[in-house]
$ cat coords17.txt   # compact mmCIF, C-alpha atoms
# COMPACT_ATOMS: atom_id res chain seq x y z
CA MET A 14 23.08 4.01 12.59
CA PHE A 15 20.86 4.82 15.54
CA SER A 16 17.72 4.21 13.45
CA ARG A 17 19.10 0.87 12.25
CA PHE A 18 19.90 -0.07 15.86
CA LEU A 19 16.32 0.72 16.90
CA ARG A 20 14.78 -1.13 13.94
CA GLN A 21 16.76 -4.30 14.59
CA ARG A 22 15.54 -4.32 18.18
CA ARG A 23 11.98 -3.28 17.21
CA ARG A 24 12.11 -0.13 19.37
CA LEU A 25 11.71 2.48 16.63
CA ARG A 26 8.07 3.12 17.56
CA HIS A 27 9.15 4.62 20.90
CA PHE A 28 11.03 7.38 19.08
CA ALA A 29 8.66 7.92 16.14
CA ARG A 30 6.04 10.59 15.54
CA HIS A 31 2.92 10.07 13.50
CA PRO A 32 3.65 11.46 10.00
CA LEU A 33 0.45 13.50 10.12
CA GLN A 34 1.73 15.30 13.24
CA ASP A 35 4.79 16.37 11.29
CA MET A 36 2.68 17.55 8.37
CA LEU A 37 0.32 19.66 10.44
CA SER A 38 2.96 21.14 12.73
CA GLY A 39 5.39 22.02 9.95
CA TRP A 40 8.18 19.80 11.32
CA GLY A 41 7.92 17.24 8.54
CA GLU A 42 10.08 16.68 5.51
CA ALA A 43 9.93 18.70 2.33
CA ARG A 44 7.16 16.42 1.08
CA ALA A 45 4.71 17.56 3.74
CA LEU A 46 1.39 18.95 2.60
CA PRO A 47 2.01 22.49 1.30
CA SER A 48 0.36 25.26 3.26
CA PRO A 49 -1.48 26.73 0.22
CA ALA A 50 -3.37 23.43 -0.09
CA THR A 51 -4.38 23.64 3.57
CA GLN A 52 -5.47 27.25 3.17
CA ASP A 53 -7.59 26.35 0.13
CA LEU A 54 -9.48 23.74 2.11
CA LEU A 55 -10.04 26.04 5.09
CA ARG A 56 -11.23 28.86 2.81
CA LEU A 57 -13.74 26.59 1.06
CA ALA A 58 -14.97 25.27 4.42
CA GLN A 59 -16.03 28.82 5.34
CA GLU A 60 -17.97 29.37 2.11
CA ASP A 61 -21.38 28.12 1.07
CA PRO A 62 -21.60 25.35 -1.56
CA ALA A 63 -22.49 27.72 -4.39
CA SER A 64 -19.45 29.91 -3.71
CA ALA A 65 -17.24 26.81 -3.46
CA LEU A 66 -18.43 25.65 -6.88
CA GLN A 67 -17.80 29.08 -8.33
CA ARG A 68 -14.29 29.27 -6.87
CA LEU A 69 -13.30 26.00 -8.57
CA HIS A 70 -15.09 26.96 -11.80
CA SER A 71 -17.47 24.04 -11.54
CA ARG A 72 -21.24 23.52 -11.52
CA ALA A 73 -23.75 21.42 -9.62
CA GLU A 74 -24.13 19.14 -12.66
CA GLY A 75 -20.35 18.70 -12.74
CA LEU A 76 -17.70 19.32 -15.33
CA SER A 77 -18.03 18.50 -18.99
CA PRO A 78 -15.88 15.62 -20.31
CA ARG A 79 -13.78 18.15 -22.24
CA GLU A 80 -13.13 20.24 -19.11
CA ALA A 81 -12.28 17.14 -17.09
CA ALA A 82 -9.79 15.96 -19.72
CA ALA A 83 -8.13 19.37 -19.81
CA ARG A 84 -7.77 19.49 -16.02
CA LEU A 85 -6.45 15.92 -15.94
CA GLY A 86 -3.71 16.92 -18.38
CA ARG A 87 -2.89 19.98 -16.28
CA VAL A 88 -2.83 18.50 -12.73
CA GLY A 89 -1.97 14.88 -13.55
CA PRO A 90 -3.61 11.63 -12.45
CA ASN A 91 -5.17 11.24 -9.02
CA ARG A 92 -2.50 8.87 -7.78
CA VAL A 93 -0.45 8.75 -4.59
CA GLU A 94 3.17 7.74 -4.44
CA HIS A 95 4.00 4.19 -3.50
CA ALA A 96 7.13 2.10 -3.34
CA GLY A 97 7.37 0.80 -6.88
CA PRO A 98 9.71 -1.89 -8.18
CA LEU A 99 13.42 -1.14 -8.05
CA PRO A 100 15.33 -0.74 -11.31
CA TRP A 101 17.05 -3.96 -12.25
CA TRP A 102 20.52 -2.58 -11.62
CA ARG A 103 19.62 -1.40 -8.10
CA HIS A 104 17.90 -4.69 -7.37
CA LEU A 105 21.02 -6.53 -8.55
CA GLY A 106 23.11 -4.36 -6.25
CA HIS A 107 20.89 -5.20 -3.28
CA CYS A 108 21.27 -8.91 -4.04
CA LEU A 109 25.05 -8.56 -4.20
CA VAL A 110 25.62 -6.42 -1.12
CA ASP A 111 25.23 -8.41 2.07
CA PRO A 112 27.78 -9.27 4.78
CA PHE A 113 28.52 -12.76 3.48
CA ASN A 114 29.05 -11.64 -0.11
CA LEU A 115 31.20 -8.73 1.05
CA LEU A 116 33.34 -11.10 3.10
CA LEU A 117 33.69 -13.54 0.20
CA ALA A 118 34.53 -10.71 -2.21
CA ALA A 119 37.25 -9.49 0.16
CA LEU A 120 38.68 -13.00 0.40
CA ALA A 121 38.63 -13.38 -3.39
CA LEU A 122 40.46 -10.07 -3.76
CA VAL A 123 43.06 -11.02 -1.15
CA SER A 124 43.53 -14.44 -2.81
CA TRP A 125 44.07 -12.79 -6.19
CA PHE A 126 47.05 -10.71 -5.03
CA PRO A 127 49.30 -13.73 -4.33
CA HIS A 128 48.05 -15.27 -7.62
CA ASP A 129 46.02 -18.00 -5.91
CA LEU A 130 43.70 -18.29 -8.92
CA THR A 131 41.98 -21.46 -7.74
CA ALA A 132 40.71 -19.91 -4.51
CA THR A 133 39.78 -16.70 -6.34
CA ILE A 134 37.74 -18.53 -8.98
CA VAL A 135 35.98 -20.79 -6.46
CA ILE A 136 35.01 -17.94 -4.12
CA THR A 137 33.88 -15.72 -7.03
CA CYS A 138 31.73 -18.56 -8.37
CA MET A 139 30.05 -18.92 -4.99
CA VAL A 140 29.11 -15.22 -4.97
CA ALA A 141 27.95 -15.31 -8.60
CA LEU A 142 25.83 -18.45 -8.10
CA SER A 143 24.20 -17.02 -4.98
CA THR A 144 23.31 -13.80 -6.80
CA ALA A 145 22.21 -15.65 -9.95
CA LEU A 146 19.74 -17.70 -7.92
CA ARG A 147 18.31 -14.77 -5.98
CA PHE A 148 18.07 -11.95 -8.53
CA PRO A 149 15.95 -13.59 -11.29
CA GLN A 150 13.52 -15.06 -8.77
CA GLU A 151 12.94 -11.80 -6.89
CA HIS A 152 12.86 -9.71 -10.07
CA ARG A 153 10.25 -11.98 -11.67
CA SER A 154 8.13 -12.02 -8.49
CA SER A 155 8.29 -8.22 -8.25
CA ARG A 156 7.07 -7.84 -11.84
CA THR A 157 4.28 -10.33 -11.23
CA ALA A 158 3.14 -8.43 -8.13
CA GLU A 159 3.09 -5.16 -10.09
CA GLY A 160 1.00 -6.85 -12.77
CA LEU A 161 -1.49 -8.02 -10.16
CA LEU A 162 -1.75 -4.50 -8.74
CA ALA A 163 -2.48 -3.17 -12.21
CA LEU A 164 -5.49 -5.49 -12.44
CA VAL A 165 -7.09 -3.97 -9.33
CA GLY A 166 -8.84 -0.64 -9.76
CA ASN A 167 -11.52 1.35 -7.98
CA THR A 168 -14.00 3.74 -9.53
CA ALA A 169 -15.85 6.83 -8.36
CA THR A 170 -19.33 8.03 -9.32
CA VAL A 171 -19.02 11.55 -10.70
CA MET A 172 -21.37 14.04 -12.33
CA ARG A 173 -20.07 15.07 -15.73
CA GLN A 174 -23.31 16.45 -17.09
CA THR A 175 -24.56 12.88 -16.60
CA ARG A 176 -23.85 10.37 -13.87
CA ARG A 177 -20.94 8.10 -14.79
CA GLU A 178 -18.34 5.80 -13.25
CA VAL A 179 -14.70 6.81 -13.78
CA PRO A 180 -11.44 5.33 -12.44
CA LEU A 181 -10.11 7.04 -9.34
CA GLN A 182 -7.02 8.12 -11.26
CA LYS A 183 -9.18 10.28 -13.55
CA VAL A 184 -10.89 12.31 -10.81
CA VAL A 185 -9.87 15.97 -11.13
CA PRO A 186 -10.33 19.17 -9.05
CA GLY A 187 -13.80 20.56 -9.70
CA ASP A 188 -15.48 17.17 -10.11
CA VAL A 189 -18.76 16.62 -8.27
CA VAL A 190 -18.63 13.13 -6.74
CA LEU A 191 -21.61 11.14 -5.44
CA LEU A 192 -20.93 9.26 -2.21
CA SER A 193 -22.91 6.52 -0.49
CA ALA A 194 -22.32 3.90 2.21
CA GLY A 195 -19.26 1.80 1.48
CA ASP A 196 -17.66 4.25 -0.95
CA MET A 197 -14.06 5.39 -0.67
CA VAL A 198 -13.57 9.14 -0.71
CA PRO A 199 -11.49 9.64 -3.91
CA ALA A 200 -9.88 12.99 -3.04
CA ASP A 201 -9.87 15.91 -0.59
CA GLY A 202 -12.97 18.03 -1.01
CA ARG A 203 -15.89 20.06 0.27
CA VAL A 204 -19.27 18.50 1.09
CA LEU A 205 -22.01 20.07 -1.04
CA THR A 206 -25.01 18.05 0.19
CA ALA A 207 -25.23 15.41 2.90
CA ARG A 208 -27.84 13.18 4.47
CA ASP A 209 -26.93 11.22 7.61
CA LEU A 210 -23.32 11.20 6.42
CA PHE A 211 -20.76 9.49 8.66
CA ILE A 212 -17.13 9.15 7.59
CA ALA A 213 -14.50 6.81 9.06
CA GLN A 214 -11.24 8.75 8.97
CA ALA A 215 -9.17 6.64 11.37
CA ALA A 216 -6.45 6.28 8.72
CA LEU A 217 -5.71 10.00 9.04
CA THR A 218 -6.71 11.00 12.56
CA GLY A 219 -6.75 7.71 14.48
CA GLU A 220 -10.33 8.32 15.62
CA SER A 221 -11.99 4.95 16.17
CA LEU A 222 -15.55 6.23 15.72
CA PRO A 223 -17.03 7.62 12.50
CA VAL A 224 -17.36 11.39 12.26
CA GLU A 225 -20.57 13.08 11.12
CA LYS A 226 -20.19 15.45 8.18
CA SER A 227 -22.56 18.07 6.84
CA ALA A 228 -22.70 20.71 4.12
CA GLU A 229 -23.05 23.66 6.54
CA ARG A 230 -20.34 26.31 6.30
CA THR A 231 -18.03 26.65 9.29
CA ALA A 232 -17.31 29.75 11.28
CA GLY A 233 -13.59 29.60 10.56
CA ASP A 234 -12.53 28.62 14.09
CA GLY A 235 -9.48 26.38 14.00
CA ALA A 236 -6.64 25.93 11.53
CA ASP A 237 -6.88 22.13 11.32
CA PRO A 238 -8.70 21.00 8.15
CA LEU A 239 -9.24 17.52 9.59
CA SER A 240 -11.49 18.95 12.29
CA GLN A 241 -13.81 20.72 9.83
CA THR A 242 -17.24 19.09 9.60
CA ASN A 243 -17.75 19.90 5.92
CA LEU A 244 -14.43 18.59 4.56
CA VAL A 245 -13.73 15.01 3.51
CA PHE A 246 -10.38 13.45 2.65
CA MET A 247 -8.85 10.78 0.47
CA GLY A 248 -8.17 7.54 2.33
CA THR A 249 -11.41 7.71 4.33
CA ASN A 250 -14.63 5.85 3.62
CA VAL A 251 -18.36 6.41 3.99
CA VAL A 252 -19.89 4.40 6.81
CA SER A 253 -23.49 5.47 6.27
CA GLY A 254 -25.58 8.07 4.52
CA THR A 255 -25.26 9.80 1.16
CA ALA A 256 -23.56 12.98 -0.01
CA THR A 257 -22.15 14.93 -2.92
CA MET A 258 -18.68 16.41 -2.65
CA LEU A 259 -16.67 18.93 -4.63
CA VAL A 260 -13.13 17.73 -5.33
CA VAL A 261 -10.53 20.31 -4.30
CA HIS A 262 -7.18 18.47 -4.29
CA THR A 263 -6.07 15.20 -5.87
CA GLY A 264 -2.99 13.02 -5.89
CA THR A 265 0.05 14.14 -3.94
CA ARG A 266 -1.61 17.42 -2.87
CA THR A 267 -4.05 15.52 -0.63
CA PHE A 268 -3.40 14.73 3.01
CA PHE A 269 -3.29 11.03 2.21
CA GLY A 270 -0.88 11.66 -0.67
CA ALA A 271 1.50 13.56 1.61
CA LEU A 272 1.22 10.79 4.19
CA ALA A 273 2.00 8.15 1.54
CA ALA A 274 5.02 10.12 0.32
CA HIS A 275 6.27 10.37 3.90
CA SER A 276 5.82 6.62 4.39
CA THR A 277 7.63 5.61 1.20
CA ALA A 278 10.62 7.70 2.27
CA THR A 279 11.20 5.51 5.35
CA LEU A 280 13.48 2.49 5.20
CA GLU A 281 12.07 -1.02 5.33
CA THR A 282 12.47 -3.04 8.50
CA PRO A 283 14.65 -6.12 7.84
CA TYR A 284 13.06 -9.53 8.29
CA ALA A 285 14.02 -11.62 11.31
CA PHE A 286 15.69 -14.17 9.03
CA GLN A 287 17.64 -11.45 7.23
CA THR A 288 18.71 -9.96 10.55
CA GLY A 289 19.89 -13.37 11.76
CA VAL A 290 21.91 -14.11 8.63
CA ASN A 291 23.47 -10.65 8.66
CA SER A 292 24.40 -11.00 12.32
CA VAL A 293 26.19 -14.29 11.59
CA GLY A 294 28.01 -12.65 8.69
CA TRP A 295 29.17 -9.71 10.75
CA LEU A 296 30.22 -12.10 13.56
CA LEU A 297 32.46 -13.98 11.12
CA ILE A 298 33.85 -10.69 9.80
CA ARG A 299 34.69 -9.50 13.33
CA PHE A 300 36.16 -12.90 14.22
CA ALA A 301 38.32 -12.93 11.10
CA ALA A 302 39.39 -9.31 11.73
CA VAL A 303 40.75 -10.42 15.11
CA MET A 304 42.13 -13.87 14.26
CA VAL A 305 43.89 -13.14 10.97
CA PRO A 306 46.21 -10.38 12.33
CA VAL A 307 46.94 -12.46 15.42
CA VAL A 308 47.86 -15.53 13.34
CA LEU A 309 49.95 -13.39 10.99
CA LEU A 310 51.90 -11.78 13.84
CA VAL A 311 52.44 -15.00 15.78
CA ASN A 312 53.69 -16.95 12.75
CA GLY A 313 55.77 -14.05 11.44
CA LEU A 314 57.46 -13.37 14.77
CA THR A 315 58.08 -17.02 15.69
CA LYS A 316 59.21 -18.36 12.29
CA GLY A 317 60.49 -15.21 10.65
CA ASP A 318 58.96 -16.09 7.27
CA TRP A 319 56.38 -13.36 6.74
CA VAL A 320 55.33 -14.58 3.28
CA ALA A 321 54.50 -18.04 4.61
CA ALA A 322 52.81 -16.40 7.61
CA PHE A 323 50.65 -14.31 5.27
CA PHE A 324 49.53 -17.36 3.28
CA PHE A 325 48.77 -19.25 6.48
CA ALA A 326 46.72 -16.31 7.82
CA LEU A 327 44.87 -16.19 4.49
CA ALA A 328 44.13 -19.91 4.76
CA VAL A 329 42.76 -19.32 8.26
CA ALA A 330 40.46 -16.56 6.94
CA VAL A 331 39.21 -18.80 4.14
CA GLY A 332 38.73 -21.68 6.56
CA LEU A 333 36.71 -19.54 8.94
CA THR A 334 34.27 -18.51 6.20
CA PRO A 335 31.58 -20.96 5.01
CA GLU A 336 31.79 -20.13 1.30
CA MET A 337 28.87 -22.39 0.40
CA LEU A 338 26.50 -20.91 2.98
CA PRO A 339 25.13 -17.99 0.87
CA MET A 340 24.46 -20.28 -2.09
CA ILE A 341 22.86 -22.98 0.09
CA VAL A 342 20.59 -20.45 1.81
CA THR A 343 19.58 -18.82 -1.48
CA ALA A 344 18.99 -22.17 -3.18
CA THR A 345 16.77 -23.33 -0.31
CA LEU A 346 14.74 -20.12 -0.34
CA ALA A 347 14.45 -20.23 -4.13
CA ARG A 348 13.13 -23.80 -3.94
CA GLY A 349 10.52 -22.61 -1.45
CA ALA A 350 9.55 -19.76 -3.79
CA VAL A 351 9.08 -22.24 -6.67
CA ASN A 352 6.87 -24.46 -4.50
CA LEU A 353 4.77 -21.47 -3.46
CA ALA A 354 4.49 -20.28 -7.06
CA ARG A 355 2.94 -23.64 -7.96
CA ARG A 356 0.26 -22.85 -5.37
CA LYS A 357 -0.37 -19.38 -6.89
CA VAL A 358 1.53 -17.50 -4.15
CA VAL A 359 3.88 -14.68 -5.20
CA VAL A 360 6.76 -13.89 -2.82
CA LYS A 361 8.48 -10.61 -3.71
CA ARG A 362 11.51 -11.13 -1.42
CA LEU A 363 13.06 -14.53 -0.79
CA ASP A 364 13.94 -13.66 2.81
CA ALA A 365 10.22 -13.57 3.64
CA ILE A 366 9.80 -17.28 2.87
CA GLN A 367 11.39 -18.29 6.17
CA ASN A 368 8.82 -16.16 8.03
CA LEU A 369 6.02 -17.94 6.15
CA GLY A 370 7.48 -21.33 7.02
CA ALA A 371 7.90 -20.37 10.68
CA MET A 372 4.15 -19.78 11.15
CA ASP A 373 2.21 -22.29 13.24
CA VAL A 374 -1.25 -20.73 12.85
CA LEU A 375 -2.49 -18.40 10.10
CA CYS A 376 -5.75 -16.60 10.90
CA THR A 377 -7.69 -14.91 8.12
CA ASP A 378 -11.02 -13.12 7.90
CA LYS A 379 -11.55 -13.41 4.16
CA THR A 380 -14.21 -16.12 3.99
CA GLY A 381 -16.28 -14.21 1.43
CA THR A 382 -13.32 -13.86 -0.91
CA LEU A 383 -12.01 -17.39 -0.42
CA THR A 384 -15.43 -18.80 -1.19
CA GLN A 385 -17.72 -17.67 -4.03
CA ASP A 386 -18.55 -14.29 -2.45
CA ARG A 387 -22.05 -14.69 -3.82
CA ILE A 388 -25.55 -15.15 -2.39
CA ALA A 389 -28.44 -16.59 -4.38
CA LEU A 390 -32.11 -15.81 -3.75
CA ALA A 391 -33.82 -19.19 -3.41
CA GLN A 392 -37.31 -18.33 -2.07
CA HIS A 393 -39.48 -15.31 -1.30
CA ILE A 394 -42.14 -16.19 1.28
CA ASP A 395 -44.55 -14.41 3.60
CA PRO A 396 -44.60 -14.74 7.40
CA LEU A 397 -46.69 -17.89 7.06
CA GLY A 398 -44.07 -19.55 4.88
CA GLN A 399 -46.06 -19.32 1.66
CA PRO A 400 -44.47 -18.09 -1.60
CA SER A 401 -45.33 -14.42 -2.11
CA GLU A 402 -44.70 -12.16 -5.09
CA ALA A 403 -45.44 -9.11 -2.92
CA VAL A 404 -42.44 -9.89 -0.75
CA LEU A 405 -40.21 -10.09 -3.82
CA THR A 406 -41.67 -6.82 -5.14
CA LEU A 407 -41.01 -4.94 -1.90
CA ALA A 408 -37.51 -6.38 -1.60
CA PHE A 409 -36.72 -5.40 -5.19
CA LEU A 410 -38.01 -1.85 -4.70
CA ASN A 411 -35.92 -1.47 -1.56
CA SER A 412 -32.73 -2.79 -3.20
CA HIS A 413 -33.27 -0.87 -6.43
CA TYR A 414 -33.99 2.58 -4.98
CA GLN A 415 -31.66 2.63 -1.99
CA SER A 416 -28.68 4.97 -2.40
CA GLY A 417 -26.46 3.13 0.06
CA LEU A 418 -24.07 0.26 -0.41
CA LYS A 419 -25.42 -2.57 -2.57
CA ASN A 420 -24.51 -5.54 -0.40
CA LEU A 421 -24.65 -9.22 -1.34
CA LEU A 422 -28.33 -9.51 -0.40
CA ASP A 423 -29.21 -6.56 -2.64
CA ARG A 424 -27.31 -8.07 -5.54
CA ALA A 425 -29.11 -11.37 -5.11
CA VAL A 426 -32.48 -9.59 -5.29
CA LEU A 427 -31.44 -7.40 -8.21
CA ASP A 428 -30.44 -10.47 -10.21
CA HIS A 429 -34.14 -10.72 -11.11
CA VAL A 430 -33.59 -8.47 -14.12
CA GLU A 431 -37.09 -9.09 -15.44
CA LEU A 432 -38.80 -7.26 -12.58
CA PRO A 433 -38.18 -3.62 -13.69
CA ALA A 434 -40.21 -4.22 -16.82
CA GLU A 435 -42.93 -6.19 -15.02
CA LEU A 436 -43.29 -3.59 -12.26
CA GLU A 437 -43.08 -0.65 -14.69
CA LEU A 438 -40.70 1.17 -12.38
CA GLU A 439 -40.41 4.32 -14.48
CA LYS A 440 -44.20 4.82 -14.64
CA ARG A 441 -45.54 3.54 -11.32
CA TYR A 442 -42.80 4.36 -8.80
CA ARG A 443 -40.86 7.45 -7.75
CA LYS A 444 -38.60 7.70 -4.73
CA ILE A 445 -39.52 10.64 -2.51
CA ASP A 446 -37.16 10.08 0.42
CA GLU A 447 -35.39 7.37 2.35
CA ILE A 448 -33.77 6.51 5.64
CA PRO A 449 -30.29 5.34 4.53
CA PHE A 450 -29.03 1.97 5.65
CA ASP A 451 -26.44 2.16 8.43

$ encode --input "coords17.txt" --output "structure tokens"
Amino acid sequence: MFSRFLRQRRRLRHFARHPLQDMLSGWGEARALPSPATQDLLRLAQEDPASALQRLHSRAEGLSPREAAARLGRVGPNRVEHAGPLPWWRHLGHCLVDPFNLLLAALALVSWFPHDLTATIVITCMVALSTALRFPQEHRSSRTAEGLLALVGNTATVMRQTRREVPLQKVVPGDVVLLSAGDMVPADGRVLTARDLFIAQAALTGESLPVEKSAERTAGDGADPLSQTNLVFMGTNVVSGTATMLVVHTGTRTFFGALAAHSTATLETPYAFQTGVNSVGWLLIRFAAVMVPVVLLVNGLTKGDWVAAFFFALAVAVGLTPEMLPMIVTATLARGAVNLARRKVVVKRLDAIQNLGAMDVLCTDKTGTLTQDRIALAQHIDPLGQPSEAVLTLAFLNSHYQSGLKNLLDRAVLDHVELPAELELEKRYRKIDEIPFD
């Protein structure tokens, strides 16, 4: 009750701790990161890369596909917990249980006792119609959103005797992963080699600046894995540089997995519209709880006919309650959801539509995605403005051999697929070293 009181008044943050603080201090829930996982990371941080590979029964060239498949079957997919769709019966229960529906159900039950079938049927129909409008729309939107999530997938570059791209879910402990600028770290692990490697781990530690990582073994000072300079964690990303890492923990055994499990265990904050409607419903319930007994007592004591007084008090309760309000609200929100669906917008919960309609200004920083997200190479010229094949050659060599993030400019240059054969890259060129892009 106290948590609900704080959430409704948006004051919960003043009483909350960061979930990672709970995990590291041991005050968290049962889903906190287990101490053996922390000890494994700290032990590997104090060993050299060769010993770390040996401890996880891996090699510098990575696992074989057969070994990786066996470990995947043993430890499970590299997936963190998230709030999935509710079962249909629980979703139906959520659509049924709100203050207005509870009030109407109570009135229908009270009307049924004196055999007032007309009032009972009308009130029950209002509840059924409201639920019938809300449940199919939200259930269909939830399934559509899950389908969209299934279409999105990231990959990691791993060494499994040869370099190959695999989905993040198939990364297993013992894998050797290649990292470069722009990559997401797929799991918790130990850095084997690094060159100008900077990791942004604000999602875990809140540090605004990237942290430099290296492959050097630590002296074992400190029990916090997040402070170790040779450990990287799921949920962080590479800002600059290149590296290879040895995967130690995946899925729910990672710091990010424990943090996600902690987050999914918290209750959702109600929308402002939902809070407003619920407050009106509870106001009517409190008003009826006061007025109905008063009317019953006054009529019963003054007229002496308690049966007639009961029916009059029941009529007052029915008159105080706007039976059509839940259905009108749901029908209006459902109409908004249909209009948004025509514009390719999926709304998982109808109550959120009012928040969308209440916006005056929507600011977005997704111009590359909203447009084509593509750059085309139109000309390659020298400083004098003359077309130059040498400029194109140098640009192609730079984009082809760099180990950092292939940005839109690189992709535009690399679209000239005929150049590798013309330049004879395999025979005439060999990369010795580089200064990674930052």

$ atom_distance --input "coords17.txt" --atom1 "atom CA of Ala301 of chain A" --atom2 "atom CA of Ala330 of chain A"
5.9 Å

$ closest_residue --input "coords17.txt" --among "A:Arg424, A:Arg147, A:Lys226, A:His413" --to "Asp364 of chain A" --atoms "only C-alpha atoms"
A:Arg147

$ residues_around --input "coords17.txt" --residues "Val190 of chain A" --least-positions-apart "4" --cutoff "7 Å" --atoms "all atoms listed in the file" --output "PyMOL selection string"
chain A and resi 170-172+257-259

$ residues_around --input "coords17.txt" --residues "Thr263 of chain A" --least-positions-apart "6" --cutoff "12 Å" --atoms "all atoms listed in the file" --output "MDAnalysis selection string"
chainID A and resid 46 50 84:85 87:94 181:188 198:202 246:248 269:271

$ atom_distance --input "coords17.txt" --atom1 "atom CA of Val252 of chain A" --atom2 "atom CA of Asn411 of chain A"
19.0 Å

$ closest_residue --input "coords17.txt" --among "A:Leu117, A:Leu327, A:Val290, A:Leu297" --to "Gln367 of chain A" --atoms "only C-alpha atoms"
A:Val290

$ atom_distance --input "coords17.txt" --atom1 "atom CA of Val245 of chain A" --atom2 "atom CA of Leu205 of chain A"
10.7 Å

$ axis_aligned_box --input "coords17.txt" --around "segment 54-61 of chain A" --padding-each-side "4 Å" --output "JSON"
{"center_x": -15.4, "center_y": 26.6, "center_z": 3.2, "size_x": 19.9, "size_y": 13.6, "size_z": 12.3}

$ closest_residue --input "coords17.txt" --among "A:Ser155, A:Thr315, A:Asn250, A:Gln241" --to "Lys361 of chain A" --atoms "only C-alpha atoms"
A:Ser155

$ closest_residue --input "coords17.txt" --among "A:Pro78, A:Pro306, A:Pro335, A:Gly195" --to "Ala322 of chain A" --atoms "only C-alpha atoms"
A:Pro306

$ closest_residue --input "coords17.txt" --among "A:Asn167, A:Ile388, A:Ala121, A:Leu191" --to "Val260 of chain A" --atoms "only C-alpha atoms"
A:Leu191

$ residues_around --input "coords17.txt" --residues "Leu146 of chain A" --least-positions-apart "2" --cutoff "9 Å" --atoms "all atoms listed in the file" --output "number ranges by chain"
A: 141-144, 148-150, 340, 343-344, 347

$ closest_residue --input "coords17.txt" --among "A:Arg299, A:Lys444, A:Arg156, A:Arg348" --to "Pro100 of chain A" --atoms "all atoms listed in the file"
A:Arg156

$ decode --input "coords17.txt" --residues "segment 405-419 of chain A" --atoms "N, CA and C atoms" --output "short mmCIF file (atom, residue, chain, number, x, y, z; two decimals), in the first residue's frame"
data_model
loop_
_atom_site.label_atom_id
_atom_site.label_comp_id
_atom_site.auth_asym_id
_atom_site.auth_seq_id
_atom_site.Cartn_x
_atom_site.Cartn_y
_atom_site.Cartn_z
N LEU A 405 39.66 7.32 -54.36
CA LEU A 405 38.76 6.20 -54.15
C LEU A 405 39.52 4.98 -53.64
N THR A 406 40.73 4.75 -54.16
CA THR A 406 41.53 3.60 -53.72
C THR A 406 41.89 3.72 -52.25
N LEU A 407 42.37 4.90 -51.84
CA LEU A 407 42.74 5.08 -50.44
C LEU A 407 41.53 4.98 -49.52
N ALA A 408 40.41 5.54 -49.94
CA ALA A 408 39.20 5.47 -49.12
C ALA A 408 38.73 4.02 -48.98
N PHE A 409 38.83 3.25 -50.07
CA PHE A 409 38.40 1.85 -50.02
C PHE A 409 39.32 1.04 -49.11
N LEU A 410 40.63 1.27 -49.21
CA LEU A 410 41.56 0.54 -48.34
C LEU A 410 41.29 0.85 -46.87
N ASN A 411 41.03 2.11 -46.58
CA ASN A 411 40.76 2.50 -45.20
C ASN A 411 39.48 1.83 -44.68
N SER A 412 38.41 1.87 -45.48
CA SER A 412 37.14 1.29 -45.04
C SER A 412 37.19 -0.23 -44.98
N HIS A 413 37.96 -0.83 -45.89
CA HIS A 413 38.01 -2.29 -45.95
C HIS A 413 38.81 -2.88 -44.79
N TYR A 414 39.94 -2.27 -44.46
CA TYR A 414 40.85 -2.87 -43.48
C TYR A 414 40.62 -2.41 -42.05
N GLN A 415 39.83 -1.37 -41.84
CA GLN A 415 39.65 -0.90 -40.47
C GLN A 415 38.85 -1.93 -39.68
N SER A 416 39.20 -2.10 -38.40
CA SER A 416 38.53 -3.08 -37.55
C SER A 416 37.48 -2.44 -36.67
N GLY A 417 37.22 -1.15 -36.85
CA GLY A 417 36.22 -0.48 -36.04
C GLY A 417 34.84 -0.60 -36.65
N LEU A 418 33.96 0.28 -36.21
CA LEU A 418 32.59 0.27 -36.66
C LEU A 418 32.50 0.73 -38.11
N LYS A 419 31.84 -0.06 -38.94
CA LYS A 419 31.59 0.33 -40.33
C LYS A 419 30.40 1.29 -40.34
#
